[in-house]
Amino acid sequence: MSNSIKLTYQVSDDDFTRAGEASSNVKSKLKMMNVPPDAIRKVAISMYEGEINMVIHANGGTITVEISKDCITMVLADKGPGIKNIEQAMQAGFSTAPDNIRTLGFGAGMGLPNMKKYSDEMDIQTEIGVGTTVTMKVYIQ
Amino acid sequence: MEEFYHSVHLDSSLCKGCINCIKRCPTQAIRVHNGKAVIKKEFCIDCGECIRICPHHAKQATYDSLDVLKNYEYTVALPAPSLYGQFNNIDDANIILRALIKMGFDDVYEVSAAAEMVSEMSRRYIAEHEQDKPFISTACPTVVRLIRVRFPNLIPHLFPFNAPVDIAAAIARKRAMEKTGLPSEKIGIIFISPCPAKVAACKDVIGNDTSEVDAVVAIKDVYPKLLPHMSYDDDLEVDHVRSGRIGVGWGNSGGEAGGLLTDSYLAADGIENVIRVLEDLEDQKFTDLDFIELDACSGGCVGGVLTVENPYVAQAKLKKLCKYLPVARNHMNGKYLDNAFFQKPIEFKPVFKLGKTFAESFDKMQQVEDLCVKLPGLDCGSCGAPTCKTLAEDIVRGEASEKDCIFVLRKYISLISDDIDDDD
């Protein structure tokens, strides 16, 4: 028996109806595994934010979730446009969304900041025109 | 008291062992074993979906018969607001309330009166606890059970209030004791309920030690007894109506939310919709609402399995009745009732966990994942579990075997027969 459970999800391009499927699937597994509710909450929120980002900005991609005995690692990889300025993107409230979209309540500029806030560790690798890989870890206990 | 009391039971003589109920159950609580449905008690949330779907009427609700009235010297009927939506041409609830007395109750106290008190206390509570928003209603016992077993992160968002029927029961008991001088045990406080979930909620109480409700009878049982006594020619002097539009409105989905006088709310009805809202709420997909009203039954309480009328027709009738009522008749003047709050915290019951510890669950989840690859993924239900995934979970829990799957079994049989052929 291996030391981790690996789950892979394809996030489809521009399909809002399916955004959140991967995070809710992971959530239901964690709930069957005596993972403390607080860790489940952190995984659910950070992963959903990441998933929706992939749909909106990056034409979808692949999420790999690895559940090991001490932590949950989520790797969200896309072949999207890349992030120009990570520091700026990490600022709460910074958004590339145009004003009309923001008026509609989207693009609050909380995507990456929330992912950072709800995960215990976060790393972003990005290259313009090539894609972005966000790795987030949530520790159990 | 039994840990998981349920108000749904099976008449196994009627059960044909079909897979309708296992497919419909929102918490995957039913299996078919040896040709008969079996409810896993710890998973069941008393939503009544299996009662609705069973084509053979083998799934039945448990509730008290009207004979229960004979057990008490003095009885008080607590009619749910949804009762008022069952009849035609009602523009005054007194017609129903007086008929309740004529059919054998000694007094009536409208649950809608207590509902109005809860509405007012809720408005104050929200204003005082802005930081804990959004609040989730605790009126529907099925929703409270669901949150308790599946959404631990949302427990802190539950309103800490007792449901209106529990508050109504406490008020009715006090009034009856004062009026008659009888001891509490000789007084029967009897809820006329649209749903069996309330039966379970009175036996296996969440949030308190005991329930003030002595018995729960079904609207569908009371209905035929009530009809002959309903008339407009009554002595109009006796006025039993103690509630207004806000209280009576609780019978419909959105009614409780309407009583909060805020636009910042969401009201979802139907168990699948309720689950979707809870999932989204858990992921913080929406955070800026004051209040979340969730009713397990479509249409709200009027959609309960113990009602008679089509829920949407009942909704229309309730709305018509509300038209003639004042907005509210119960005013708390900014106070909380003493018995309004839960006496003990609502605790998370992780019934769906695979093992006792994380390490054990981890190993079992790995086995589930491996089994899911082996199983055909058709979710045919022939094994008695609703999906291949639930069969995998049952196998890992030691409650089923791989060969319960007819596809795995077929492969196994063909392997054996190949062996036999080889031997020849």
# chains A, B, ... in the order shown; residues from 1 in each chain; ligands from 1
call {"tool": "residues_around", "arguments": {"residues": "Gln28 in chain B", "least_positions_apart": "3", "cutoff": "12 Å", "atoms": "only C-alpha atoms", "output": "VMD selection string"}}
result
chain B and resid 19 to 25 31 to 32 38 to 45 49 to 50 351 to 352 381 384 to 391 393 to 394
call {"tool": "interface_residues", "arguments": {"of": "chain A", "to": "chain B", "cutoff": "10 Å", "atoms": "only C-alpha atoms", "output": "ChimeraX atom specification"}}
result
/A:1-7,20,23-24,27-38,40-49,67-70,140
call {"tool": "select_by_dssp", "arguments": {"residues": "range 274-409 of chain B", "states": "helix (DSSP H, G or I)", "output": "count of residues only"}}
result
58
call {"tool": "closest_residue", "arguments": {"among": "A:Thr135, A:Asn85, A:Asn53, A:Thr17", "to": "Glu66 in chain A", "atoms": "only C-alpha atoms"}}
result
A:Thr135
call {"tool": "residues_around", "arguments": {"residues": "Lys59 in chain B", "least_positions_apart": "6", "cutoff": "10 Å", "atoms": "only C-alpha atoms", "output": "PyMOL selection string"}}
result
chain B and resi 8-12+14-15+21+37+48-53
call {"tool": "write_last_selection", "arguments": {"atoms": "all heavy atoms", "output": "CSV table (one decimal), in the first residue's frame"}}
result
chain,number,residue,atom,x,y,z
B,8,VAL,N,-38.9,6.8,9.9
B,8,VAL,CA,-39.2,6.1,8.7
B,8,VAL,C,-39.0,4.6,9.0
B,8,VAL,O,-38.0,4.2,9.5
B,8,VAL,CB,-38.3,6.5,7.5
B,8,VAL,CG1,-38.6,5.7,6.3
B,8,VAL,CG2,-38.4,8.0,7.3
B,9,HIS,N,-40.0,3.8,8.6
B,9,HIS,CA,-39.8,2.3,8.8
B,9,HIS,C,-40.2,1.6,7.6
B,9,HIS,O,-40.9,2.1,6.7
B,9,HIS,CB,-40.4,1.8,10.1
B,9,HIS,CG,-41.9,1.9,10.0
B,9,HIS,ND1,-42.7,3.0,10.3
B,9,HIS,CD2,-42.8,0.9,9.6
B,9,HIS,CE1,-44.0,2.7,10.2
B,9,HIS,NE2,-44.1,1.5,9.7
B,10,LEU,N,-39.9,0.3,7.6
B,10,LEU,CA,-40.2,-0.5,6.4
B,10,LEU,C,-41.2,-1.6,6.7
B,10,LEU,O,-41.1,-2.3,7.7
B,10,LEU,CB,-38.9,-1.2,5.9
B,10,LEU,CG,-39.0,-2.1,4.7
B,10,LEU,CD1,-38.9,-1.2,3.4
B,10,LEU,CD2,-38.0,-3.2,4.7
B,11,ASP,N,-42.2,-1.7,5.9
B,11,ASP,CA,-43.1,-2.9,6.0
B,11,ASP,C,-42.6,-3.9,5.0
B,11,ASP,O,-42.8,-3.8,3.8
B,11,ASP,CB,-44.5,-2.4,5.6
B,11,ASP,CG,-45.5,-3.6,5.7
B,11,ASP,OD1,-45.1,-4.8,5.7
B,11,ASP,OD2,-46.7,-3.3,5.8
B,12,SER,N,-41.8,-4.9,5.6
B,12,SER,CA,-41.0,-5.7,4.7
B,12,SER,C,-42.0,-6.6,3.9
B,12,SER,O,-41.6,-7.1,2.8
B,12,SER,CB,-40.0,-6.5,5.4
B,12,SER,OG,-40.6,-7.2,6.5
B,14,LEU,N,-44.4,-5.6,2.2
B,14,LEU,CA,-44.7,-4.9,0.9
B,14,LEU,C,-43.4,-4.6,0.1
B,14,LEU,O,-43.5,-4.4,-1.1
B,14,LEU,CB,-45.3,-3.5,1.3
B,14,LEU,CG,-46.7,-3.6,2.0
B,14,LEU,CD1,-47.1,-2.2,2.4
B,14,LEU,CD2,-47.7,-4.2,1.1
B,15,CYS,N,-42.3,-4.7,0.7
B,15,CYS,CA,-41.0,-4.4,0.0
B,15,CYS,C,-40.7,-5.5,-1.1
B,15,CYS,O,-40.6,-6.6,-0.8
B,15,CYS,CB,-39.9,-4.2,0.9
B,15,CYS,SG,-38.3,-3.9,0.1
B,21,CYS,N,-35.7,3.3,-3.9
B,21,CYS,CA,-35.4,4.1,-2.7
B,21,CYS,C,-33.9,4.3,-2.5
B,21,CYS,O,-33.4,5.3,-2.1
B,21,CYS,CB,-36.0,3.5,-1.4
B,21,CYS,SG,-35.5,1.8,-1.1
B,37,ALA,N,-35.3,-3.8,1.5
B,37,ALA,CA,-34.6,-2.6,1.8
B,37,ALA,C,-34.2,-2.5,3.3
B,37,ALA,O,-34.9,-3.0,4.2
B,37,ALA,CB,-35.4,-1.4,1.5
B,48,GLY,N,-37.7,11.8,4.3
B,48,GLY,CA,-39.0,11.3,3.7
B,48,GLY,C,-39.0,11.0,2.2
B,48,GLY,O,-40.0,10.6,1.6
B,49,GLU,N,-37.8,11.2,1.5
B,49,GLU,CA,-37.7,10.9,0.1
B,49,GLU,C,-38.1,9.5,-0.2
B,49,GLU,O,-38.7,9.2,-1.3
B,49,GLU,CB,-36.3,11.2,-0.4
B,49,GLU,CG,-36.0,12.7,-0.5
B,49,GLU,CD,-36.8,13.5,-1.4
B,49,GLU,OE1,-37.0,13.1,-2.6
B,49,GLU,OE2,-37.4,14.5,-1.0
B,50,CYS,N,-37.7,8.5,0.6
B,50,CYS,CA,-37.9,7.1,0.3
B,50,CYS,C,-39.4,6.8,0.4
B,50,CYS,O,-40.0,6.0,-0.3
B,50,CYS,CB,-37.1,6.2,1.2
B,50,CYS,SG,-37.3,6.5,2.9
B,51,ILE,N,-40.1,7.5,1.3
B,51,ILE,CA,-41.6,7.4,1.5
B,51,ILE,C,-42.2,7.9,0.2
B,51,ILE,O,-43.2,7.2,-0.3
B,51,ILE,CB,-42.1,8.1,2.7
B,51,ILE,CG1,-41.4,7.6,4.0
B,51,ILE,CG2,-43.6,8.1,2.8
B,51,ILE,CD1,-41.8,8.4,5.2
B,52,ARG,N,-41.8,9.0,-0.3
B,52,ARG,CA,-42.3,9.6,-1.6
B,52,ARG,C,-42.2,8.6,-2.8
B,52,ARG,O,-43.0,8.5,-3.6
B,52,ARG,CB,-41.7,10.9,-1.9
B,52,ARG,CG,-42.1,12.0,-1.0
B,52,ARG,CD,-41.5,13.4,-1.6
B,52,ARG,NE,-41.9,14.4,-0.6
B,52,ARG,CZ,-41.2,14.8,0.4
B,52,ARG,NH1,-40.0,14.3,0.6
B,52,ARG,NH2,-41.6,15.8,1.2
B,53,ILE,N,-41.0,8.0,-2.9
B,53,ILE,CA,-40.6,7.3,-4.1
B,53,ILE,C,-41.1,5.9,-4.1
B,53,ILE,O,-41.4,5.3,-5.2
B,53,ILE,CB,-39.1,7.4,-4.4
B,53,ILE,CG1,-38.7,6.9,-5.8
B,53,ILE,CG2,-38.3,6.5,-3.4
B,53,ILE,CD1,-38.9,7.9,-6.8
call {"tool": "residues_around", "arguments": {"residues": "Ser119 in chain A", "least_positions_apart": "2", "cutoff": "8 Å", "atoms": "only C-alpha atoms", "output": "list in words"}}
result
Lys42, Val43, Ser46, Met115, Lys116, Lys117, Glu121, Met122, Met136, Lys137 and Val138 of chain A
call {"tool": "write_last_selection", "arguments": {"atoms": "C-alpha atoms", "output": "JSON list (two decimals), in the first residue's frame"}}
result
[["chain", "number", "residue", "atom", "x", "y", "z"],
["A", 42, "LYS", "CA", -9.26, 25.10, 4.18],
["A", 43, "VAL", "CA", -8.89, 22.59, 1.35],
["A", 46, "SER", "CA", -8.55, 27.23, -1.42],
["A", 115, "MET", "CA", -5.84, 30.67, -1.71],
["A", 116, "LYS", "CA", -2.88, 31.95, 0.27],
["A", 117, "LYS", "CA", -5.01, 32.63, 3.33],
["A", 121, "GLU", "CA", 1.83, 26.78, 2.13],
["A", 122, "MET", "CA", 1.52, 28.12, -1.37],
["A", 136, "MET", "CA", -0.92, 24.49, -2.11],
["A", 137, "LYS", "CA", -0.50, 22.44, 1.05],
["A", 138, "VAL", "CA", -2.88, 22.06, 3.96]]
call {"tool": "residues_around", "arguments": {"residues": "Ile52 in chain A", "least_positions_apart": "5", "cutoff": "10 Å", "atoms": "only C-alpha atoms", "output": "ChimeraX atom specification"}}
result
/A:11,14-16,18-20,47,57-58,60,111
call {"tool": "atom_distance", "arguments": {"atom1": "CA of Phe342 in chain B", "atom2": "CA of Ile292 in chain B"}}
result
18.7 Å
call {"tool": "atom_distance", "arguments": {"atom1": "CA of Ala257 in chain B", "atom2": "CA of Arg276 in chain B"}}
result
18.6 Å
call {"tool": "atom_distance", "arguments": {"atom1": "CA of Glu127 in chain A", "atom2": "CA of Leu76 in chain A"}}
result
14.3 Å
